[in-house]
Every structure is written in structure tokens, then in C-alpha cells.
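Structure data follow from model.txt (compact mmCIF, C-alpha atoms):
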# COMPACT_ATOMS: atom_id res chain seq x y z
CA MET C 1 -19.49 2.88 -10.16
CA THR C 2 -21.12 0.14 -8.12
CA ASN C 3 -24.29 0.68 -6.09
CA TYR C 4 -25.26 -1.57 -3.19
CA ARG C 5 -28.67 -1.44 -1.53
CA ILE C 6 -29.12 -3.41 1.69
CA LEU C 7 -32.12 -3.95 3.92
CA SER C 8 -30.22 -5.85 6.52
CA MET C 9 -30.34 -8.49 9.18
CA SER C 10 -26.74 -9.53 9.84
CA ILE C 11 -24.17 -8.36 7.33
CA ALA C 12 -20.43 -8.28 6.79
CA MET C 13 -19.45 -6.35 3.67
CA LEU C 14 -16.22 -5.73 1.82
CA VAL C 15 -16.92 -2.91 -0.63
CA GLY C 16 -14.58 -1.49 -3.23
CA LEU C 17 -11.80 -3.91 -2.35
CA VAL C 18 -10.31 -6.70 -4.43
CA VAL C 19 -8.06 -9.24 -2.70
CA LEU C 20 -5.59 -11.02 -4.95
CA PRO C 21 -4.90 -14.64 -3.87
CA THR C 22 -1.11 -14.55 -4.18
CA SER C 23 1.52 -15.43 -1.63
CA PHE C 24 1.72 -11.71 -0.85
CA ALA C 25 -1.83 -10.44 -0.60
CA GLN C 26 -2.41 -7.10 -2.31
CA THR C 27 -5.41 -4.82 -2.44
CA VAL C 28 -6.69 -2.93 -5.46
CA SER C 29 -9.24 -0.19 -4.97
CA THR C 30 -12.29 0.30 -7.16
CA GLY C 31 -15.00 2.89 -7.13
CA PRO C 32 -16.70 5.13 -6.61
CA ASN C 33 -19.03 2.80 -4.68
CA LYS C 34 -22.37 3.72 -3.10
CA VAL C 35 -23.78 1.79 -0.14
CA TYR C 36 -27.42 2.31 0.90
CA ILE C 37 -28.48 0.74 4.19
CA GLU C 38 -31.69 0.56 6.21
CA GLN C 39 -31.62 -1.75 9.22
CA ILE C 40 -34.55 -2.43 11.52
CA GLY C 41 -34.20 -4.88 14.39
CA ASN C 42 -31.98 -5.88 17.28
CA THR C 43 -28.61 -7.59 17.84
CA ASN C 44 -27.50 -7.17 14.22
CA THR C 45 -23.90 -6.76 13.05
CA ILE C 46 -22.81 -4.70 10.04
CA ALA C 47 -19.20 -4.28 8.88
CA ILE C 48 -18.49 -2.06 5.85
CA GLN C 49 -15.04 -1.60 4.33
CA GLN C 50 -14.42 0.72 1.40
CA VAL C 51 -11.03 1.22 -0.26
CA GLY C 52 -10.56 3.92 -2.87
CA GLY C 53 -11.81 7.43 -3.46
CA SER C 54 -15.22 9.09 -3.63
CA ASN C 55 -17.08 6.23 -1.94
CA ASP C 56 -20.34 6.90 -0.09
CA VAL C 57 -22.35 5.25 2.68
CA GLY C 58 -25.91 6.56 2.95
CA GLY C 59 -29.60 5.77 3.10
CA THR C 60 -31.99 3.74 0.98
CA THR C 61 -33.36 6.19 -1.57
CA SER C 62 -32.22 6.26 -5.16
CA ALA C 63 -30.51 9.58 -4.59
CA THR C 64 -26.78 9.81 -3.98
CA PRO C 65 -25.94 9.54 -0.25
CA GLY C 66 -25.84 13.06 1.14
CA SER C 67 -26.66 15.25 4.12
CA THR C 68 -30.37 14.31 3.96
CA ASN C 69 -29.89 10.71 2.88
CA TYR C 70 -28.68 8.76 5.88
CA GLY C 71 -28.03 5.11 6.42
CA THR C 72 -30.23 4.07 9.36
CA ILE C 73 -30.25 1.69 12.29
CA THR C 74 -33.49 1.38 14.23
CA GLY C 75 -33.24 -1.04 17.11
CA SER C 76 -31.05 -2.03 20.03
CA ALA C 77 -27.83 -3.95 20.72
CA ASN C 78 -26.63 -3.50 17.13
CA THR C 79 -22.97 -3.22 16.12
CA LEU C 80 -21.90 -1.13 13.13
CA SER C 81 -18.33 -0.61 11.92
CA ILE C 82 -17.36 1.48 8.90
CA THR C 83 -13.82 1.58 7.50
CA GLN C 84 -13.00 3.94 4.63
CA THR C 85 -9.51 4.16 3.16
CA GLY C 86 -8.89 6.79 0.50
CA ASP C 87 -9.79 10.37 -0.26
CA ALA C 88 -13.07 12.28 -0.68
CA ASN C 89 -15.19 9.55 0.91
CA LEU C 90 -18.54 10.32 2.58
CA ASN C 91 -20.53 8.47 5.21
CA GLN C 92 -23.63 9.50 7.14
CA TYR C 93 -25.56 7.41 9.63
CA ASN C 94 -28.65 7.83 11.81
CA ILE C 95 -28.99 5.51 14.82
CA ARG C 96 -32.16 5.10 16.89
CA GLY C 97 -32.23 2.74 19.85
CA SER C 98 -30.29 1.59 22.91
CA THR C 99 -26.96 -0.11 23.66
CA ASN C 100 -25.76 0.20 20.08
CA ILE C 101 -22.04 0.23 19.24
CA TYR C 102 -20.79 2.40 16.37
CA SER C 103 -17.24 2.72 15.09
CA SER C 104 -15.87 4.64 12.12
CA THR C 105 -12.26 4.50 10.90
CA ILE C 106 -11.21 6.94 8.18
CA THR C 107 -7.75 6.96 6.60
CA GLY C 108 -7.15 9.59 3.95
CA ASN C 109 -7.86 13.21 3.16
CA THR C 110 -10.91 15.43 2.53
CA ASN C 111 -13.30 12.81 3.86
CA SER C 112 -16.61 13.67 5.57
CA SER C 113 -18.46 11.76 8.29
CA LYS C 114 -21.83 12.79 9.75
CA LEU C 115 -23.46 10.85 12.60
CA VAL C 116 -26.83 11.47 14.28
CA VAL C 117 -27.84 9.37 17.30
CA GLY C 118 -31.38 9.71 18.67
CA ASP C 119 -33.55 12.82 18.60
CA THR C 120 -35.72 14.79 21.01
CA ASN C 121 -38.64 12.40 20.45
CA THR C 122 -36.68 9.15 20.74
CA PRO C 123 -33.48 9.71 22.74
CA ALA C 124 -31.00 6.86 22.71
CA LEU C 125 -29.71 5.02 25.79
CA ARG C 126 -26.24 3.69 26.58
CA ASN C 127 -24.67 3.92 23.13
CA THR C 128 -20.91 3.71 22.54
CA LEU C 129 -19.45 5.75 19.66
CA THR C 130 -15.85 5.61 18.42
CA GLU C 131 -14.50 7.69 15.54
CA THR C 132 -10.88 7.47 14.36
CA VAL C 133 -9.30 9.60 11.64
CA GLY C 134 -5.84 9.53 10.09
CA GLY C 135 -5.35 12.23 7.48
CA ASN C 136 -5.87 15.86 6.65
CA THR C 137 -8.78 18.22 5.94
CA ASN C 138 -11.40 15.74 7.13
CA ILE C 139 -14.77 16.71 8.63
CA LEU C 140 -16.47 14.98 11.57
CA ASP C 141 -19.98 16.12 12.52
CA THR C 142 -21.67 14.26 15.40
CA THR C 143 -25.01 15.03 17.07
CA VAL C 144 -26.17 12.81 19.93
CA VAL C 145 -29.44 12.98 21.89
CA ALA C 146 -29.09 10.27 24.50
CA SER C 147 -28.52 9.34 28.10
CA ASP C 148 -25.49 7.48 29.43
CA VAL C 149 -23.44 7.76 26.23
CA VAL C 150 -19.70 7.50 25.62
CA SER C 151 -18.24 9.27 22.57
CA THR C 152 -14.55 8.86 21.65
CA ILE C 153 -12.83 10.72 18.82
CA ALA C 154 -9.15 10.29 17.89
CA ILE C 155 -7.50 12.24 15.06
CA VAL C 156 -3.96 12.28 13.67
CA GLY C 157 -3.57 14.92 10.97
CA ASN C 158 -3.91 18.58 10.08
CA THR C 159 -6.67 21.06 9.17
CA ASN C 160 -9.42 18.70 10.33
CA THR C 161 -12.78 20.03 11.58
CA VAL C 162 -14.72 18.40 14.43
CA THR C 163 -18.23 19.44 15.48
CA SER C 164 -19.79 17.46 18.32
CA VAL C 165 -23.07 18.19 20.11
CA LEU C 166 -24.02 15.88 22.97
CA ARG C 167 -27.44 16.31 24.57
CA SER C 168 -27.50 13.90 27.46
CA SER C 169 -28.47 13.30 31.07
CA ARG C 170 -25.02 11.76 31.39
CA GLY C 171 -22.38 12.03 28.72
CA VAL C 172 -18.69 11.26 28.35
CA SER C 173 -16.77 12.89 25.49
CA ASP C 174 -13.13 11.84 25.04
CA ILE C 175 -11.21 13.59 22.23
CA SER C 176 -7.55 13.36 21.26
CA ILE C 177 -5.88 15.18 18.38
CA ALA C 178 -2.28 15.18 17.15
CA GLY C 179 -1.73 17.73 14.39
CA ASN C 180 -1.89 21.37 13.42
CA ASN C 181 -4.55 23.86 12.33
CA ASN C 182 -7.45 21.71 13.51
CA ALA C 183 -10.76 23.26 14.62
CA LEU C 184 -12.88 21.74 17.41
CA ASP C 185 -16.41 22.79 18.37
CA ILE C 186 -17.58 20.63 21.28
CA GLN C 187 -20.85 21.07 23.20
CA GLN C 188 -22.40 19.11 26.06
CA ILE C 189 -25.84 20.38 27.00
CA ASP C 190 -28.99 19.46 28.96
CA ALA C 191 -29.22 18.30 32.57
CA ALA C 192 -26.04 16.45 33.46
CA GLY C 193 -27.65 13.92 35.80
CA ALA C 194 -26.27 12.53 39.03
CA ASN C 195 -22.86 11.74 37.55
CA GLY C 196 -22.58 14.87 35.44
CA HIS C 197 -20.94 15.49 32.08
CA LEU C 198 -17.28 14.64 31.49
CA LEU C 199 -15.34 16.22 28.66
CA LYS C 200 -11.71 15.20 28.15
CA GLN C 201 -9.53 16.65 25.41
CA VAL C 202 -5.85 16.03 24.71
CA VAL C 203 -4.47 18.15 21.85
CA THR C 204 -0.89 18.09 20.59
CA GLY C 205 0.14 20.50 17.84
CA ASP C 206 0.20 24.13 16.79
CA TYR C 207 -2.38 26.68 15.61
CA ASN C 208 -5.36 24.59 16.74
CA ALA C 209 -8.66 26.32 17.60
CA ILE C 210 -10.68 24.75 20.43
CA VAL C 211 -14.10 25.84 21.67
CA THR C 212 -15.67 23.86 24.53
CA GLN C 213 -19.16 24.75 25.80
CA GLN C 214 -20.73 22.72 28.57
CA GLN C 215 -24.14 23.29 30.13
CA GLY C 216 -25.80 21.23 32.86
CA THR C 217 -27.66 21.66 36.12
CA ASN C 218 -25.44 19.20 37.98
CA ASP C 219 -21.73 18.38 37.99
CA THR C 220 -19.85 19.16 34.79
CA THR C 221 -16.15 18.46 34.32
CA VAL C 222 -13.75 19.71 31.66
CA ASP C 223 -10.27 18.13 31.47
CA LEU C 224 -8.34 19.88 28.69
CA ARG C 225 -4.64 19.45 27.95
CA THR C 226 -2.75 21.09 25.09
CA THR C 227 0.86 20.79 23.99
CA GLY C 228 2.07 23.16 21.29
CA ASP C 229 2.22 26.77 20.23
CA HIS C 230 -0.24 29.39 19.00
CA ASN C 231 -3.35 27.42 20.00
CA THR C 232 -6.57 29.23 20.97
CA VAL C 233 -8.77 27.70 23.68
CA THR C 234 -12.24 28.82 24.80
CA VAL C 235 -13.98 27.03 27.71
CA ARG C 236 -17.51 28.04 28.73
CA THR C 237 -19.61 26.34 31.41
CA SER C 238 -23.07 27.27 32.64
CA SER C 239 -25.99 25.86 34.61
CA THR C 240 -28.36 27.40 32.04
CA ALA C 241 -28.35 27.69 28.28
CA ILE C 242 -25.18 29.33 27.00
CA ALA C 243 -25.90 32.68 25.36
CA THR C 244 -24.35 33.52 22.00
CA PRO C 245 -22.41 30.27 21.53
CA LYS C 246 -18.94 30.62 20.09
CA THR C 247 -17.56 28.84 17.04
CA ALA C 248 -13.99 27.69 16.53
CA VAL C 249 -12.31 29.37 13.58
CA ALA C 250 -9.66 27.33 11.78
CA ARG C 251 -6.26 29.04 11.84

I'd like the structure from this file rewritten - as C-alpha cells, please.
Amino acid sequence: MTNYRILSMSIAMLVGLVVLPTSFAQTVSTGPNKVYIEQIGNTNTIAIQQVGGSNDVGGTTSATPGSTNYGTITGSANTLSITQTGDANLNQYNIRGSTNIYSSTITGNTNSSKLVVGDTNTPALRNTLTETVGGNTNILDTTVVASDVVSTIAIVGNTNTVTSVLRSSRGVSDISIAGNNNALDIQQIDAAGANGHLLKQVVTGDYNAIVTQQQGTNDTTVDLRTTGDHNTVTVRTSSTAIATPKTAVAR
């Protein structure tokens, strides 16, 4: 096991990957690897790539990265990209600031990604979030407190679970899934602002469970398209807080 601890300025990392200098480049995975990151400042760039199983990206304490041990970005105009290839990997990040760009690419099975952007005391502004998953039984959990935010999630695989909560004065959530037996819980809440909330979902597959709950005092738009059989879809919109929120149950 290799542990990396980074208090960063501008970083490009290749973690858990060995490149062999032959005429046909090959990759050999190592691990498990642990990456601990705390970044404070503006206009920084971080790229993390992990290949192999049971790798973690988390915070800066000596404890194993977990649900209470986040990697952190505090600042504006930062760019973070995380690529994890393998099974049973974990990453969790907390972003505070404006105009940050976050992307996560996960290829494999039983991986878990947890992202928190802003909070009620320090909401974020104009952040762009992109999460891509290829594999099965993965978990995505995203909570965003921000204004003018764009969140994109794309999944190819089965039995994945997506939970997304977007508290925003203007939010765009764009989700596409190709696969079966996936569960989606998507919420957009708080005042929608002059341009409103936009939620777009394109789902292709069978036995998917989709719950969409959208609350805002101004315009809210839900654009939901499904192709497949035996899917369950719940759409709830309200100008006030939604009572007794529903939860998608995997099928």
C-alpha cells in the first residue's frame, strides 16, 4: 500500500500506474493506494489517475479516506480531474469556491464517489461538475449548494445508484443512463431564480427506478425520456418544500 499526502499548488499525479517503456506501452496496476489532498488557493490544476483496486482519494488526516475524511479544494477557478480504473475504489471531495471545474471518470465495479460542493454558509458560484461511470454496482452521491451550477452525470452499466441534491438559485442537472436495474434519486430545491431549474434525464434500459423531485418558486423544467421495459418513474414538482420525499428503490 502506498500513501500520498499532498498540500497542493499545481499538481498532475499518476497514482497506482506503472508505464513500461516498450514499443507497445502496457500498464500494470498497483495498490491499494491512498491519496490525501488539501488545496487552498486559486487557479490550481490537479489531475489524479489511479489504476487497480481498492484505491482511495480523501482528505489530509492520518485516517483512511472515508465518508468524513474528504479531499478539499478551497478557492476559485480550480480544475480537478479524477480517473479511477478498477474495482472497489473510493473517492470523496469537498469543494468550496467559485468557477471551479470538477470531473470524475470511474471505470469498474462496486466503486463509490461522494462529492460535496459548497454549504449553506458558503454557497458556491458557477461551478461545472462532470461525473462519468462505466461499470456495475457503483454509487454516486452528490450534494451541491450553489448558484448557477451545471451538473452532468453519464452512466453505462447496471445496478448503479445515483443520489443528487442540488440546492441552487439556478441549476442545470443533465443525467444519462444506459443499463438495467439502476436507481436514481434526483432533487433540485430552493428558489429557482429568473432562469429556473432544468432537469434533463435520458434513461435506456429495463427495471430502472427513477425519482425526480423539483422545488422552486420560479420556473422549473423536467425533461425525462425513458426507453425500455418495467421502469418506474416518479416526478414531483412544487413551489414549496416537498412533503414526505420519496426514495427510489432498486429493482

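Minimum distance to Thr45 in chain C across C:Gly179, C:Gly75, C:Gly86, C:Pro32 (counting all atoms listed in the file) occurs at C:Gly75.
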
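The gap separating CA of Leu199 in chain C from CA of Ala77 in chain C is 25.0 Å, in Å to one decimal.
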
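The shortest atom-to-atom distance to Ser164 in chain C, with all atoms listed in the file taken into account, belongs to C:Lys114 out of C:Lys114, C:Asn180, C:Val57, C:Asn208.
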
As a PDB file with C-alpha atoms, keeping the file's coordinate frame, please: the residues near Asp229 in chain C (cut-off 7 Å, all atoms listed in the file, same-chain neighbours under 2 positions excluded).
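See out-v1.pdb below for the written result:
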ATOM      1  CA  ASP C 206       0.200  24.130  16.790  1.00  0.00           C
ATOM      2  CA  TYR C 207      -2.380  26.680  15.610  1.00  0.00           C
ATOM      3  CA  ASN C 231      -3.350  27.420  20.000  1.00  0.00           C
TER       4      ASN C 231
END

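Interatomic distance, CA of Asn89 in chain C to CA of Ala183 in chain C: 19.9 Å.
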
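Atom to atom, CA of Thr79 in chain C and CA of Gln201 in chain C stand 25.7 Å apart.
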
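Compared by their closest atoms to Leu90 in chain C, and using all atoms listed in the file, the residues C:Asn160, C:Thr227, C:Ser54, C:Thr74 rank with C:Ser54 nearest.
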
Within 6 Å of Thr130 in chain C using only C-alpha atoms, minus same-chain residues under 3 positions, as a PyMOL selection string = chain C and resi 103+152-153

Write out, as a JSON list (two decimals), keeping the file's coordinate frame, the residues just selected, with C-alpha atoms.
[["chain", "number", "residue", "atom", "x", "y", "z"],
["C", 103, "SER", "CA", -17.24, 2.72, 15.09],
["C", 152, "THR", "CA", -14.55, 8.86, 21.65],
["C", 153, "ILE", "CA", -12.83, 10.72, 18.82]]

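Of the residues listed (C:Asn109, C:Thr83, C:Thr212, C:Thr99), C:Thr99 shows the shortest atom-to-atom separation from Val150 in chain C; distances use only C-alpha atoms.
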
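All protein and nucleic acid residues in the vicinity of (-16.9, 3.1, 10.4), that is within 9 Å when counting all atoms listed in the file, are Ala47, Ile48, Gln49, Leu80, Ser81, Ile82, Thr83, Gln84, Asn91, Tyr102, Ser103, Ser104, Thr105, Ile106, Thr130, Glu131 and Thr132 of chain C.
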
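In this comparison, which uses all atoms listed in the file, the residue of C:Asn33, C:Gln92, C:Gln39, C:Ser76 approaching Thr143 in chain C most closely is C:Gln92.
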
Using all atoms listed in the file, the residue out of C:Ile101, C:Leu140, C:Ala154, C:Ala88 with shortest distance to Ile46 in chain C is C:Ile101

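Residues in contact range of Val222 in chain C, defined as at most 10 Å between all atoms listed in the file, with sequence neighbours fewer than 5 positions away removed, read Ser173, His197, Leu198, Leu199, Lys200, Gln201, Thr212, Gln213, Gln214, Val235, Arg236 and Thr237 of chain C.
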
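With all atoms listed in the file taken into account, every residue lying no more than 7 Å from the file point (-25.0, 4.8, 0.3) is included here: Lys34, Val35, Tyr36, Ile37, Asp56, Val57, Gly58, Gly59, Thr64, Pro65 and Gly71 of chain C.
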